[in-house]
Structure formats: structure tokens, C-alpha cells
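Undergrad: The structure file structure29.txt (compact mmCIF, C-alpha atoms) is provided below.
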```
# COMPACT_ATOMS: atom_id res chain seq x y z
CA MET A 1 106.55 115.40 79.32
CA ALA A 2 109.99 114.93 77.76
CA SER A 3 112.00 111.76 77.62
CA ALA A 4 115.48 110.87 76.53
CA ARG A 5 117.47 107.68 76.41
CA LEU A 6 120.68 107.37 78.41
CA GLU A 7 122.64 104.16 78.11
CA GLY A 8 119.56 102.02 77.50
CA GLU A 9 117.25 103.61 80.05
CA VAL A 10 114.43 106.05 79.51
CA VAL A 11 114.60 109.27 81.51
CA VAL A 12 111.40 111.27 81.84
CA LEU A 13 110.91 114.82 83.05
CA THR A 14 107.42 116.24 83.38
CA ALA A 15 106.57 119.64 81.91
CA ASP A 16 106.89 121.37 85.29
CA LEU A 17 110.58 120.38 85.39
CA LEU A 18 111.48 121.71 81.95
CA ARG A 19 112.14 125.06 80.38
CA GLY A 20 111.28 124.84 76.75
CA THR A 21 108.86 125.72 74.02
CA ILE A 22 106.60 123.68 71.81
CA ARG A 23 106.53 124.53 68.11
CA SER A 24 104.69 122.50 65.52
CA GLY A 25 104.13 119.75 68.07
CA ARG A 26 107.84 119.42 68.91
CA LEU A 27 109.55 120.28 72.17
CA TYR A 28 112.59 122.55 71.96
CA LEU A 29 114.86 122.85 74.97
CA PRO A 30 117.27 125.79 75.10
CA PRO A 31 120.89 124.74 75.60
CA ILE A 32 122.58 125.63 78.88
CA LYS A 33 125.91 127.23 78.04
CA GLY A 34 128.91 128.98 79.54
CA LYS A 35 128.73 130.26 83.11
CA ARG A 36 125.20 128.93 83.63
CA ARG A 37 126.29 125.45 82.56
CA ARG A 38 129.19 125.58 85.03
CA GLU A 39 126.78 126.67 87.78
CA MET A 40 124.39 123.82 87.01
CA THR A 41 127.30 121.36 86.87
CA THR A 42 128.38 122.58 90.32
CA LEU A 43 124.81 122.14 91.56
CA ALA A 44 124.70 118.59 90.17
CA GLN A 45 128.02 117.89 91.94
CA SER A 46 126.53 119.16 95.22
CA TYR A 47 123.48 116.92 94.82
CA SER A 48 125.64 113.90 93.95
CA ALA A 49 128.01 114.47 96.88
CA LEU A 50 125.09 114.79 99.28
CA ILE A 51 123.34 111.66 98.09
CA GLU A 52 126.54 109.56 98.16
CA VAL A 53 126.71 109.80 101.96
CA MET A 54 123.05 108.95 102.47
CA GLU A 55 122.99 105.20 101.77
CA GLY A 56 120.64 103.51 104.23
CA VAL A 57 118.57 106.67 104.74
CA CYS A 58 114.85 106.76 103.87
CA ARG A 59 113.65 108.40 100.65
CA ASP A 60 111.80 111.22 102.45
CA GLU A 61 114.99 112.26 104.26
CA VAL A 62 117.02 112.11 101.02
CA VAL A 63 114.45 114.33 99.26
CA ASP A 64 114.40 116.76 102.21
CA ALA A 65 118.21 116.96 102.16
CA LEU A 66 118.27 117.68 98.42
CA ARG A 67 115.58 120.34 98.77
CA SER A 68 117.46 121.98 101.65
CA ILE A 69 120.11 123.20 99.21
CA GLU A 70 119.24 126.85 98.56
CA LEU A 71 118.63 127.82 94.94
CA PRO A 72 118.03 131.18 93.32
CA SER A 73 114.49 131.28 91.90
CA ARG A 74 115.82 131.25 88.31
CA ASP A 75 117.52 127.87 88.99
CA ARG A 76 114.58 126.22 90.76
CA ILE A 77 113.17 124.34 87.75
CA ILE A 78 116.57 123.04 86.64
CA GLY A 79 117.44 122.13 90.24
CA LEU A 80 114.23 120.15 90.70
CA GLY A 81 114.84 118.44 87.35
CA LEU A 82 118.37 117.46 88.41
CA GLN A 83 117.00 116.12 91.70
CA LYS A 84 114.45 113.99 89.87
CA LEU A 85 117.04 112.62 87.45
CA LEU A 86 119.34 111.73 90.34
CA LEU A 87 116.58 110.14 92.44
CA ASP A 88 115.36 108.14 89.43
CA ARG A 89 118.83 106.62 89.12
CA CYS A 90 118.95 105.63 92.80
CA GLU A 91 117.67 102.31 94.06
CA PHE A 92 115.42 102.42 97.10
CA LEU A 93 114.39 99.21 98.88
CA MET A 94 111.79 98.35 101.46
CA PRO A 95 113.34 97.18 104.76
CA GLN A 96 113.34 93.41 105.23
CA GLY A 97 110.81 91.84 107.56
CA PRO A 98 107.18 90.82 107.84
CA ASP A 99 104.66 92.42 105.48
CA PRO A 100 103.78 95.89 106.82
CA ARG A 101 100.12 95.55 105.77
CA GLN A 102 99.87 92.34 107.80
CA LEU A 103 101.52 93.99 110.81
CA ARG A 104 99.17 97.00 110.64
CA GLY A 105 96.14 94.76 110.23
CA ASP A 106 97.13 92.59 113.19
CA LEU A 107 97.81 95.61 115.38
CA PHE A 108 94.61 97.44 114.42
CA ARG A 109 92.44 94.33 114.85
CA LEU A 110 93.95 93.67 118.28
CA ALA A 111 93.47 97.32 119.28
CA ALA A 112 89.82 97.23 118.19
CA LYS A 113 89.24 94.03 120.14
CA VAL A 114 90.91 95.37 123.29
CA ARG A 115 89.17 98.75 122.99
CA ALA A 116 85.76 97.06 122.76
CA SER A 117 86.44 95.24 126.04
CA LEU A 118 87.51 98.36 127.97
CA ALA A 119 85.26 100.42 130.18
CA ASP A 120 84.73 104.04 129.16
CA ASP A 121 87.18 105.31 131.77
CA GLU A 122 89.93 102.78 130.96
CA VAL A 123 92.91 103.63 128.78
CA MET A 124 94.34 101.24 126.23
CA ASP A 125 98.03 100.33 126.71
CA ARG A 126 99.53 100.84 123.26
CA GLN A 127 102.92 99.41 124.23
CA ALA A 128 101.30 96.19 125.43
CA LEU A 129 99.53 95.84 122.07
CA VAL A 130 102.75 96.51 120.15
CA ARG A 131 104.60 93.99 122.32
CA GLN A 132 101.92 91.32 121.77
CA VAL A 133 101.91 91.75 117.97
CA SER A 134 105.71 91.90 117.74
CA ASP A 135 105.98 88.72 119.83
CA SER A 136 103.50 86.94 117.55
CA HIS A 137 105.71 87.82 114.54
CA GLY A 138 109.00 87.00 116.27
CA ILE A 139 110.37 90.54 116.03
CA THR A 140 111.24 93.24 118.55
CA THR A 141 108.90 96.12 119.32
CA GLU A 142 111.44 98.46 117.70
CA GLN A 143 111.37 96.38 114.50
CA LEU A 144 107.58 96.40 114.50
CA GLU A 145 107.49 100.19 114.89
CA SER A 146 109.93 100.65 112.02
CA LEU A 147 108.11 98.18 109.77
CA LEU A 148 104.52 99.35 110.32
CA TYR A 149 104.65 101.75 107.38
CA ALA A 150 107.70 100.37 105.55
CA ASP A 151 105.62 99.79 102.41
CA LEU A 152 105.18 103.53 101.90
CA LYS A 153 107.51 104.91 99.21
CA GLY A 154 108.92 107.63 101.47
CA THR A 155 110.17 105.07 104.00
CA HIS A 156 112.13 102.98 101.50
CA LEU A 157 115.87 103.02 102.16
CA LEU A 158 118.51 104.28 99.74
CA ALA A 159 120.37 101.13 98.70
CA THR A 160 122.28 102.06 95.56
CA VAL A 161 123.65 105.46 94.62
CA PRO A 162 124.41 106.30 90.98
CA HIS A 163 127.98 107.21 90.16
CA ASP A 164 127.18 109.42 87.21
CA THR A 165 129.21 112.50 86.50
CA PRO A 166 127.36 115.80 86.84
CA GLU A 167 127.55 116.18 83.07
CA GLN A 168 125.68 112.88 82.65
CA LEU A 169 122.80 114.23 84.71
```
Translate the structure of the given file into C-alpha cells.
TA:
Amino acid sequence: MASARLEGEVVVLTADLLRGTIRSGRLYLPPIKGKRRREMTTLAQSYSALIEVMEGVCRDEVVDALRSIELPSRDRIIGLGLQKLLLDRCEFLMPQGPDPRQLRGDLFRLAAKVRASLADDEVMDRQALVRQVSDSHGITTEQLESLLYADLKGTHLLATVPHDTPEQL
């Protein structure tokens, strides 16, 4: 794991995102120069431009969009490192609303209760359960559906995008 300090913050890249060697207990990273540096700067610009238009989008979709940019195999490690540095500088927030764990618990408890009262050949009406729980929390069924798993990291929404230059990455 390597870390560096940029303007008061610690930036950490794990060993799988670095190209370097360890000698006498010290990590040595080869410099990226010339044409390769220009290529990596262009890649960082592409990542930054993509992420700038994604405010309000969930983390999983942002990551998928970044990974959709094709890279030659020799650039894969550097590309993944740039993605991590960029994502670490973004701010992702959980959508506002009732606690997702509480919503899930209420919905699952109600479903278990209703299921226990049904005959073997009866089918549970999921929409009715969702409607009942959403009404009890004063939210719409659409809000309940979107909040059920809002505490998972991948569903957090991109709120703040860094405005670093590609060279800063």
C-alpha cells in the first residue's frame, strides 16, 4: 500500500493499483514520462469529464461508466489507480429519507406476518405490502422502493465532483 499527501489529505493506493518495486523496505515508483505521461493525462481528462456530468447518479453507475472506457492492457493498472484517486475525491451521499434498515425490517416483518396467514395456494400481494409500509412512513411507494437499500455504498449518490486537473490526479 502506498500513500501520499495532497493538500492536507492522505491518498492511498493498494499494491494492486501500483507499478513499482520494493528495495530495502522502500517502495520505488517509476516516473511516467513523455508520450506515456501525455496518454495518462488524456485518460485522466476523460475520467474527469465523464464524472463531471454524473452528479446525482449512484456510485455503482459512476464506477460502471468509468470502467466502460476501454484501456489497453498495459494501461489497466494506471487506469484503475486513476479511477480510485478520482472516486476518493468525490463525495457520495445517502439519499434523504427514513432509515433504510427500518424500512426493510418493517417490510420483511409485515411480509412474514401476511405470509403466515395465507393458505398454501394463496399469493402474497407485494405491492399491497409496499403500499402499507410506505403509508406508515408517510412516503410514496416509489420513495420506499428507492430507499430500501439506500444504505448500501453502491447506491449512494454522487454529490460533489472534484475539480482537480488531470496532472493533480
Undergrad: Nearest to Pro95 of chain A among A:Leu147, A:Leu29, A:Ile51, A:Val63, with distances taken over all atoms listed in the file: which residue is it?
TA: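 Selected residue with least distance to Pro95 of chain A: A:Leu147.
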Undergrad: Go ahead and find all residues with at least one atom no further than 12 Å from (126.0, 125.8, 87.5) in the file's coordinates, using only C-alpha atoms; report them as a list in words.
TA: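 Within 12 Å of (126.0, 125.8, 87.5), the protein and nucleic acid residues are Ile32, Lys33, Gly34, Lys35, Arg36, Arg37, Arg38, Glu39, Met40, Thr41, Thr42, Leu43, Ala44, Gln45, Ser46, Tyr47, Leu71, Pro72, Arg74, Asp75, Arg76, Ile78, Gly79, Leu82, Pro166 and Glu167 of chain A.
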Undergrad: What is the atom CA of Pro100 of chain A-atom CA of Leu148 of chain A distance in Å, reported with one decimal?
TA: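 Result for atom CA of Pro100 of chain A versus atom CA of Leu148 of chain A: 5.0 Å, one decimal.
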Undergrad: Excluding same-chain residues fewer than 5 positions from Glu145 of chain A, what lies within 10 Å of it counting all atoms listed in the file, as a tab-separated table (two decimals) with C-alpha atoms, in the coordinates of the input?
TA:
```
chain	number	residue	atom	x	y	z
A	100	PRO	CA	103.78	95.89	106.82
A	103	LEU	CA	101.52	93.99	110.81
A	104	ARG	CA	99.17	97.00	110.64
A	130	VAL	CA	102.75	96.51	120.15
A	134	SER	CA	105.71	91.90	117.74
A	140	THR	CA	111.24	93.24	118.55
A	150	ALA	CA	107.70	100.37	105.55
```
Undergrad: Mind listing whatever residues come within 12 Å of the point (116.4, 105.6, 89.8)? Use all atoms listed in the file, file coordinates, and give them as an mmCIF file with C-alpha atoms, keeping the file's coordinate frame.
TA:
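The new file selection.cif reads:
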```
data_model
loop_
_atom_site.group_PDB
_atom_site.id
_atom_site.type_symbol
_atom_site.label_atom_id
_atom_site.label_comp_id
_atom_site.auth_asym_id
_atom_site.auth_seq_id
_atom_site.Cartn_x
_atom_site.Cartn_y
_atom_site.Cartn_z
ATOM 1 C CA GLU A 9 117.250 103.610 80.050
ATOM 2 C CA VAL A 10 114.430 106.050 79.510
ATOM 3 C CA VAL A 11 114.600 109.270 81.510
ATOM 4 C CA VAL A 12 111.400 111.270 81.840
ATOM 5 C CA ARG A 59 113.650 108.400 100.650
ATOM 6 C CA GLN A 83 117.000 116.120 91.700
ATOM 7 C CA LYS A 84 114.450 113.990 89.870
ATOM 8 C CA LEU A 85 117.040 112.620 87.450
ATOM 9 C CA LEU A 86 119.340 111.730 90.340
ATOM 10 C CA LEU A 87 116.580 110.140 92.440
ATOM 11 C CA ASP A 88 115.360 108.140 89.430
ATOM 12 C CA ARG A 89 118.830 106.620 89.120
ATOM 13 C CA CYS A 90 118.950 105.630 92.800
ATOM 14 C CA GLU A 91 117.670 102.310 94.060
ATOM 15 C CA PHE A 92 115.420 102.420 97.100
ATOM 16 C CA LEU A 93 114.390 99.210 98.880
ATOM 17 C CA LEU A 158 118.510 104.280 99.740
ATOM 18 C CA ALA A 159 120.370 101.130 98.700
ATOM 19 C CA THR A 160 122.280 102.060 95.560
ATOM 20 C CA VAL A 161 123.650 105.460 94.620
ATOM 21 C CA PRO A 162 124.410 106.300 90.980
ATOM 22 C CA HIS A 163 127.980 107.210 90.160
ATOM 23 C CA ASP A 164 127.180 109.420 87.210
ATOM 24 C CA LEU A 169 122.800 114.230 84.710
#
```
Undergrad: Just want the 10 Å neighbourhood of Arg126 of chain A, counted on all atoms listed in the file, with same-chain residues fewer than 6 positions away dropped. Output as a list of chain:residue names.
TA: A:Leu107, A:Ala111, A:Gln132
Undergrad: Using all atoms listed in the file, which residue out of A:Arg26, A:Arg19, A:Ala119, A:Met94 lies closest to Cys58 of chain A?
TA: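 So, comparing all the options, the nearest one is A:Met94.
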Undergrad: Distance atom CA of Met124 of chain A-atom CA of Leu110 of chain A, one decimal place?
TA: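 Taking atom CA of Met124 of chain A and atom CA of Leu110 of chain A, their separation equals 11.0 Å.
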Undergrad: Any idea what the distance is between atom CA of Glu55 of chain A and atom CA of Leu152 of chain A?
TA: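 Separating atom CA of Glu55 of chain A from atom CA of Leu152 of chain A is a distance of 17.9 Å.
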Undergrad: Between A:Gln102, A:Ser136, A:Ser68, A:Thr21, which one has atoms that come closest to Asp151 of chain A, using all atoms listed in the file?
TA: A:Gln102
Undergrad: Identify which of the residues A:Ala49, A:Leu144, A:Val57, A:Leu80 lies closest to Leu17 of chain A, counting only C-alpha atoms when measuring atom-to-atom distances.
TA: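 Between A:Ala49, A:Leu144, A:Val57, A:Leu80, the residue approaching Leu17 of chain A most closely is A:Leu80.
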Undergrad: Go through A:Leu157, A:Val114, A:Ile77, A:Leu66 and flag the residue nearest Asp16 of chain A, using all atoms listed in the file for the distances.
TA: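 Distance minimum relative to Asp16 of chain A lands on A:Ile77.
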Undergrad: For each of A:Thr155, A:Asp60, A:Ser117, A:Gly105, take the minimum atom-to-atom distance to Val133 of chain A, counting all atoms listed in the file, then give the residue where this is smallest.
TA: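 Of all the options, A:Gly105 lies closest to Val133 of chain A.
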Undergrad: Please produce segment 29-54 of chain A, completed to N, CA and C atoms, as a PDB file, in the coordinates of the input.
TA:
```pdb
ATOM      1  N   LEU A  29     114.239 122.480  73.703  1.00  0.00           N
ATOM      2  CA  LEU A  29     114.860 122.850  74.970  1.00  0.00           C
ATOM      3  C   LEU A  29     116.054 123.754  74.686  1.00  0.00           C
ATOM      4  N   PRO A  30     116.123 124.911  75.342  1.00  0.00           N
ATOM      5  CA  PRO A  30     117.270 125.790  75.100  1.00  0.00           C
ATOM      6  C   PRO A  30     118.527 125.181  75.716  1.00  0.00           C
ATOM      7  N   PRO A  31     119.654 125.284  75.037  1.00  0.00           N
ATOM      8  CA  PRO A  31     120.890 124.740  75.600  1.00  0.00           C
ATOM      9  C   PRO A  31     121.336 125.578  76.804  1.00  0.00           C
ATOM     10  N   ILE A  32     122.003 124.926  77.724  1.00  0.00           N
ATOM     11  CA  ILE A  32     122.580 125.630  78.880  1.00  0.00           C
ATOM     12  C   ILE A  32     124.062 125.760  78.573  1.00  0.00           C
ATOM     13  N   LYS A  33     124.536 126.997  78.494  1.00  0.00           N
ATOM     14  CA  LYS A  33     125.910 127.230  78.040  1.00  0.00           C
ATOM     15  C   LYS A  33     126.688 128.079  79.047  1.00  0.00           C
ATOM     16  N   GLY A  34     128.007 128.076  78.843  1.00  0.00           N
ATOM     17  CA  GLY A  34     128.910 128.980  79.540  1.00  0.00           C
ATOM     18  C   GLY A  34     128.823 128.941  81.048  1.00  0.00           C
ATOM     19  N   LYS A  35     128.742 130.129  81.650  1.00  0.00           N
ATOM     20  CA  LYS A  35     128.730 130.260  83.110  1.00  0.00           C
ATOM     21  C   LYS A  35     127.544 129.510  83.718  1.00  0.00           C
ATOM     22  N   ARG A  36     126.398 129.607  83.099  1.00  0.00           N
ATOM     23  CA  ARG A  36     125.200 128.930  83.630  1.00  0.00           C
ATOM     24  C   ARG A  36     125.389 127.423  83.638  1.00  0.00           C
ATOM     25  N   ARG A  37     126.019 126.892  82.605  1.00  0.00           N
ATOM     26  CA  ARG A  37     126.290 125.450  82.560  1.00  0.00           C
ATOM     27  C   ARG A  37     127.235 125.052  83.689  1.00  0.00           C
ATOM     28  N   ARG A  38     128.259 125.873  83.926  1.00  0.00           N
ATOM     29  CA  ARG A  38     129.190 125.580  85.030  1.00  0.00           C
ATOM     30  C   ARG A  38     128.460 125.619  86.375  1.00  0.00           C
ATOM     31  N   GLU A  39     127.559 126.584  86.534  1.00  0.00           N
ATOM     32  CA  GLU A  39     126.780 126.670  87.780  1.00  0.00           C
ATOM     33  C   GLU A  39     125.899 125.439  87.971  1.00  0.00           C
ATOM     34  N   MET A  40     125.264 124.995  86.919  1.00  0.00           N
ATOM     35  CA  MET A  40     124.390 123.820  87.010  1.00  0.00           C
ATOM     36  C   MET A  40     125.203 122.543  87.214  1.00  0.00           C
ATOM     37  N   THR A  41     126.408 122.501  86.643  1.00  0.00           N
ATOM     38  CA  THR A  41     127.300 121.360  86.870  1.00  0.00           C
ATOM     39  C   THR A  41     127.720 121.327  88.337  1.00  0.00           C
ATOM     40  N   THR A  42     128.017 122.487  88.904  1.00  0.00           N
ATOM     41  CA  THR A  42     128.380 122.580  90.320  1.00  0.00           C
ATOM     42  C   THR A  42     127.196 122.144  91.194  1.00  0.00           C
ATOM     43  N   LEU A  43     125.997 122.551  90.822  1.00  0.00           N
ATOM     44  CA  LEU A  43     124.810 122.140  91.560  1.00  0.00           C
ATOM     45  C   LEU A  43     124.633 120.625  91.498  1.00  0.00           C
ATOM     46  N   ALA A  44     124.800 120.051  90.320  1.00  0.00           N
ATOM     47  CA  ALA A  44     124.700 118.590  90.170  1.00  0.00           C
ATOM     48  C   ALA A  44     125.754 117.888  91.012  1.00  0.00           C
ATOM     49  N   GLN A  45     126.966 118.459  91.089  1.00  0.00           N
ATOM     50  CA  GLN A  45     128.020 117.890  91.940  1.00  0.00           C
ATOM     51  C   GLN A  45     127.600 117.931  93.402  1.00  0.00           C
ATOM     52  N   SER A  46     126.991 119.033  93.827  1.00  0.00           N
ATOM     53  CA  SER A  46     126.530 119.160  95.220  1.00  0.00           C
ATOM     54  C   SER A  46     125.474 118.101  95.529  1.00  0.00           C
ATOM     55  N   TYR A  47     124.520 117.930  94.625  1.00  0.00           N
ATOM     56  CA  TYR A  47     123.480 116.920  94.820  1.00  0.00           C
ATOM     57  C   TYR A  47     124.094 115.516  94.894  1.00  0.00           C
ATOM     58  N   SER A  48     125.016 115.226  93.981  1.00  0.00           N
ATOM     59  CA  SER A  48     125.640 113.900  93.950  1.00  0.00           C
ATOM     60  C   SER A  48     126.437 113.633  95.218  1.00  0.00           C
ATOM     61  N   ALA A  49     127.205 114.630  95.669  1.00  0.00           N
ATOM     62  CA  ALA A  49     128.010 114.470  96.880  1.00  0.00           C
ATOM     63  C   ALA A  49     127.112 114.236  98.098  1.00  0.00           C
ATOM     64  N   LEU A  50     126.016 114.948  98.158  1.00  0.00           N
ATOM     65  CA  LEU A  50     125.090 114.790  99.280  1.00  0.00           C
ATOM     66  C   LEU A  50     124.484 113.399  99.297  1.00  0.00           C
ATOM     67  N   ILE A  51     124.036 112.940  98.155  1.00  0.00           N
ATOM     68  CA  ILE A  51     123.340 111.660  98.090  1.00  0.00           C
ATOM     69  C   ILE A  51     124.294 110.482  98.323  1.00  0.00           C
ATOM     70  N   GLU A  52     125.569 110.647  97.973  1.00  0.00           N
ATOM     71  CA  GLU A  52     126.540 109.560  98.160  1.00  0.00           C
ATOM     72  C   GLU A  52     126.727 109.182  99.615  1.00  0.00           C
ATOM     73  N   VAL A  53     126.520 110.099 100.536  1.00  0.00           N
ATOM     74  CA  VAL A  53     126.710 109.800 101.960  1.00  0.00           C
ATOM     75  C   VAL A  53     125.410 109.418 102.647  1.00  0.00           C
ATOM     76  N   MET A  54     124.358 109.208 101.875  1.00  0.00           N
ATOM     77  CA  MET A  54     123.050 108.950 102.470  1.00  0.00           C
ATOM     78  C   MET A  54     122.558 107.515 102.288  1.00  0.00           C
TER      79      MET A  54
END
```
